[in-house]
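Structure first, commentary second.
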Amino acid sequence: MPPRKHTAAADTATQEENRRFRSAIDEMAKELVCPITQELPVDPVTAEDGRVYERSAIEAHIKGRSAEALKSPITNEPMGARLLPAVQVRNNIERMVKSGAIGGDKAAAWQKRIEDEKKVAAMRGKAEGGDSGAMKRLGYWYRDGEKGLAVDPKQAFEWFERAAELDEPTALSACAQALLEGKGVERDTARGHFMLGAGCALGAEHACYVKGFGHQLGLWGLKKDDKQATRWFRKMPGCSVKNSAANREIAAKWLRDSAPSAPPLV
């Protein structure tokens, strides 16, 4: 029996069917997008208004609002604060992204956030196991809002502090600066200066920079003293822990332009 011939009408019908299928998939994908973040949720939950949200986004919306004042971010109608995990939604998103049914920027962003989530979990496991370097890295991720984590100075300080207790030089520097500035922890200049000194003693470049900066401007109870600023800025090149790349040139420029005449440190 000879093969059936494709007709133009059959091709057109197939193309139309494919178009309808693609349109249906696109409409389904739109329903999966969190209406607050406009991204596919990694941790989807269903709120009492019946909509699916990224957990962190709807929790931020709910936080600080009384039960009487809480309203749906979509309908502006009153709603309760209860959130239910939308496991099936998460599974559907995963299947559709992996199959290619959902593509483009939203799928790429979702995949990156999933990878970030895995990296955070792995780093947290190392940190809980006593790895001071992992503790320090988590501190930076929380401080700077990296790897999908929300900026959280308090969590950042807690991880820096745990690493500092193990004499991790960079964490000592970060803890000291947080204590001096009152970021994520109540300001405590005495403790901040103690940890700053410990960081300097362990060769932390950033600790020396903070010391010099404090003397340069007379901050945190330090006397404004150009000689002391010069002393600490000049120590930076000899530090074994290079953790102040962003400030290295600032200190070098100040030494070139403003430092008082003095013999180099030996």
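As shown in the structure tokens, the chain order sets the letters A, B, ...; within each chain, residues go from 1, and ligands are also counted from 1 in the order they appear.
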Next on the checklist: Let's see if you can do this: from backbone DSSP, list all strand (DSSP E or B) residues in segment 36-65 of chain A, as a ChimeraX atom specification.
Outcome noted: /A:44-46,52-54
Item to check | Contacts of Ala229 of chain A within 10 Å, only C-alpha atoms, excl. fewer than 3 positions in-chain, as a PyMOL selection string | outcome: chain A and resi 208-218+224-226+232-234+251+254-255+259-260
Next on the checklist: Can you tell me, as a ChimeraX atom specification, which residues in segment 22-211 of chain A count as alpha helix (DSSP H) by DSSP?
Outcome noted: /A:22-32,55-62,87-99,104-128,132-144,153-164,169-181,189-201,205-211
Filtering to C-alpha atoms, could you give me those residues as an mmCIF file, in the first residue's frame?
```cif
data_model
loop_
_atom_site.group_PDB
_atom_site.id
_atom_site.type_symbol
_atom_site.label_atom_id
_atom_site.label_comp_id
_atom_site.auth_asym_id
_atom_site.auth_seq_id
_atom_site.Cartn_x
_atom_site.Cartn_y
_atom_site.Cartn_z
ATOM 1 C CA ARG A 22 1.487 25.777 22.583
ATOM 2 C CA SER A 23 -1.071 28.453 23.507
ATOM 3 C CA ALA A 24 -2.584 26.164 26.159
ATOM 4 C CA ILE A 25 0.871 25.466 27.637
ATOM 5 C CA ASP A 26 1.693 29.174 27.703
ATOM 6 C CA GLU A 27 -1.588 29.960 29.476
ATOM 7 C CA MET A 28 -0.888 27.230 32.033
ATOM 8 C CA ALA A 29 2.602 28.624 32.594
ATOM 9 C CA LYS A 30 1.155 32.080 33.256
ATOM 10 C CA GLU A 31 -1.046 30.605 35.990
ATOM 11 C CA LEU A 32 2.041 29.148 37.670
ATOM 12 C CA ARG A 55 6.545 31.582 49.923
ATOM 13 C CA SER A 56 9.072 34.306 50.765
ATOM 14 C CA ALA A 57 7.131 36.898 48.740
ATOM 15 C CA ILE A 58 3.734 36.276 50.325
ATOM 16 C CA GLU A 59 5.285 35.941 53.795
ATOM 17 C CA ALA A 60 6.845 39.380 53.317
ATOM 18 C CA HIS A 61 3.418 40.713 52.313
ATOM 19 C CA ILE A 62 1.776 39.194 55.394
ATOM 20 C CA VAL A 87 3.573 20.510 46.257
ATOM 21 C CA GLN A 88 1.736 19.591 43.076
ATOM 22 C CA VAL A 89 2.445 23.028 41.615
ATOM 23 C CA ARG A 90 6.159 22.611 42.356
ATOM 24 C CA ASN A 91 6.134 19.171 40.698
ATOM 25 C CA ASN A 92 4.291 20.500 37.635
ATOM 26 C CA ILE A 93 6.742 23.368 37.227
ATOM 27 C CA GLU A 94 9.687 21.001 37.497
ATOM 28 C CA ARG A 95 8.261 18.621 34.888
ATOM 29 C CA MET A 96 7.378 21.418 32.484
ATOM 30 C CA VAL A 97 10.773 23.104 32.763
ATOM 31 C CA LYS A 98 12.692 19.839 32.359
ATOM 32 C CA SER A 99 10.579 18.807 29.353
ATOM 33 C CA GLY A 104 12.891 31.204 28.031
ATOM 34 C CA ASP A 105 14.042 33.549 30.755
ATOM 35 C CA LYS A 106 11.554 32.389 33.384
ATOM 36 C CA ALA A 107 12.610 28.759 33.056
ATOM 37 C CA ALA A 108 16.297 29.710 33.129
ATOM 38 C CA ALA A 109 15.764 31.845 36.240
ATOM 39 C CA TRP A 110 13.862 28.997 37.943
ATOM 40 C CA GLN A 111 16.623 26.508 37.164
ATOM 41 C CA LYS A 112 19.259 28.882 38.525
ATOM 42 C CA ARG A 113 17.313 29.345 41.755
ATOM 43 C CA ILE A 114 17.011 25.566 42.128
ATOM 44 C CA GLU A 115 20.785 25.252 41.680
ATOM 45 C CA ASP A 116 21.333 28.052 44.195
ATOM 46 C CA GLU A 117 19.019 26.279 46.642
ATOM 47 C CA LYS A 118 21.144 23.126 46.343
ATOM 48 C CA LYS A 119 24.355 25.098 46.843
ATOM 49 C CA VAL A 120 22.974 26.780 49.967
ATOM 50 C CA ALA A 121 21.866 23.418 51.376
ATOM 51 C CA ALA A 122 25.291 21.905 50.709
ATOM 52 C CA MET A 123 27.078 24.898 52.248
ATOM 53 C CA ARG A 124 24.801 24.821 55.279
ATOM 54 C CA GLY A 125 25.568 21.133 55.758
ATOM 55 C CA LYS A 126 29.301 21.862 55.761
ATOM 56 C CA ALA A 127 28.824 24.784 58.144
ATOM 57 C CA GLU A 128 26.765 22.716 60.561
ATOM 58 C CA SER A 132 34.526 27.687 59.384
ATOM 59 C CA GLY A 133 35.002 28.569 55.724
ATOM 60 C CA ALA A 134 31.441 27.447 54.970
ATOM 61 C CA MET A 135 30.150 29.473 57.940
ATOM 62 C CA LYS A 136 31.930 32.534 56.585
ATOM 63 C CA ARG A 137 30.538 31.968 53.068
ATOM 64 C CA LEU A 138 26.976 31.675 54.396
ATOM 65 C CA GLY A 139 27.549 34.918 56.271
ATOM 66 C CA TYR A 140 28.447 36.684 53.048
ATOM 67 C CA TRP A 141 25.506 35.182 51.174
ATOM 68 C CA TYR A 142 23.080 36.413 53.838
ATOM 69 C CA ARG A 143 24.790 39.798 54.077
ATOM 70 C CA ASP A 144 24.750 40.422 50.334
ATOM 71 C CA PRO A 153 22.121 41.088 58.451
ATOM 72 C CA LYS A 154 21.147 39.181 61.597
ATOM 73 C CA GLN A 155 21.664 35.775 60.004
ATOM 74 C CA ALA A 156 24.857 37.055 58.408
ATOM 75 C CA PHE A 157 26.268 38.102 61.773
ATOM 76 C CA GLU A 158 25.320 34.805 63.394
ATOM 77 C CA TRP A 159 27.248 32.838 60.782
ATOM 78 C CA PHE A 160 30.202 35.229 60.871
ATOM 79 C CA GLU A 161 30.249 34.943 64.648
ATOM 80 C CA ARG A 162 30.312 31.144 64.564
ATOM 81 C CA ALA A 163 33.250 31.248 62.157
ATOM 82 C CA ALA A 164 35.010 33.937 64.217
ATOM 83 C CA PRO A 169 40.292 35.816 59.986
ATOM 84 C CA THR A 170 37.796 37.106 57.425
ATOM 85 C CA ALA A 171 34.868 36.311 59.707
ATOM 86 C CA LEU A 172 36.589 38.154 62.561
ATOM 87 C CA SER A 173 36.863 41.209 60.307
ATOM 88 C CA ALA A 174 33.212 40.956 59.255
ATOM 89 C CA CYS A 175 32.025 40.492 62.857
ATOM 90 C CA ALA A 176 34.085 43.453 64.006
ATOM 91 C CA GLN A 177 32.661 45.736 61.330
ATOM 92 C CA ALA A 178 29.092 44.599 62.093
ATOM 93 C CA LEU A 179 29.596 45.280 65.805
ATOM 94 C CA LEU A 180 31.124 48.704 65.155
ATOM 95 C CA GLU A 181 28.321 49.705 62.776
ATOM 96 C CA THR A 189 32.407 49.094 69.918
ATOM 97 C CA ALA A 190 34.482 47.502 72.691
ATOM 98 C CA ARG A 191 33.830 44.004 71.399
ATOM 99 C CA GLY A 192 34.179 45.220 67.830
ATOM 100 C CA HIS A 193 37.658 46.618 68.481
ATOM 101 C CA PHE A 194 38.663 43.418 70.267
ATOM 102 C CA MET A 195 37.640 41.288 67.270
ATOM 103 C CA LEU A 196 39.235 43.771 64.887
ATOM 104 C CA GLY A 197 42.524 43.406 66.748
ATOM 105 C CA ALA A 198 42.229 39.623 66.564
ATOM 106 C CA GLY A 199 41.657 39.851 62.829
ATOM 107 C CA CYS A 200 44.683 42.092 62.384
ATOM 108 C CA ALA A 201 46.814 39.675 64.414
ATOM 109 C CA GLU A 205 43.777 42.670 55.238
ATOM 110 C CA HIS A 206 40.251 43.986 55.765
ATOM 111 C CA ALA A 207 40.754 44.269 59.519
ATOM 112 C CA CYS A 208 43.772 46.509 58.889
ATOM 113 C CA TYR A 209 41.748 48.563 56.422
ATOM 114 C CA VAL A 210 38.916 49.080 58.927
ATOM 115 C CA LYS A 211 41.463 50.137 61.561
#
```
Checklist entry - So, counting only C-alpha atoms, which residue among A:Glu54, A:Glu77, A:Glu146, A:Glu165 is closest to Asp131 of chain A? => result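 Of all the options, A:Glu165 lies closest to Asp131 of chain A.
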Checklist outcome for this item: Computed gap from atom CA of Asp49 of chain A to atom CA of Glu68 of chain A is 14.9 Å
Next on the checklist: Under the rule that only C-alpha atoms are counted, which of A:Gly64, A:Pro237, A:Gly103, A:Pro85 is the nearest residue to Asp43 of chain A?
Outcome noted: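 Among A:Gly64, A:Pro237, A:Gly103, A:Pro85, it is A:Pro85 that comes nearest to Asp43 of chain A.
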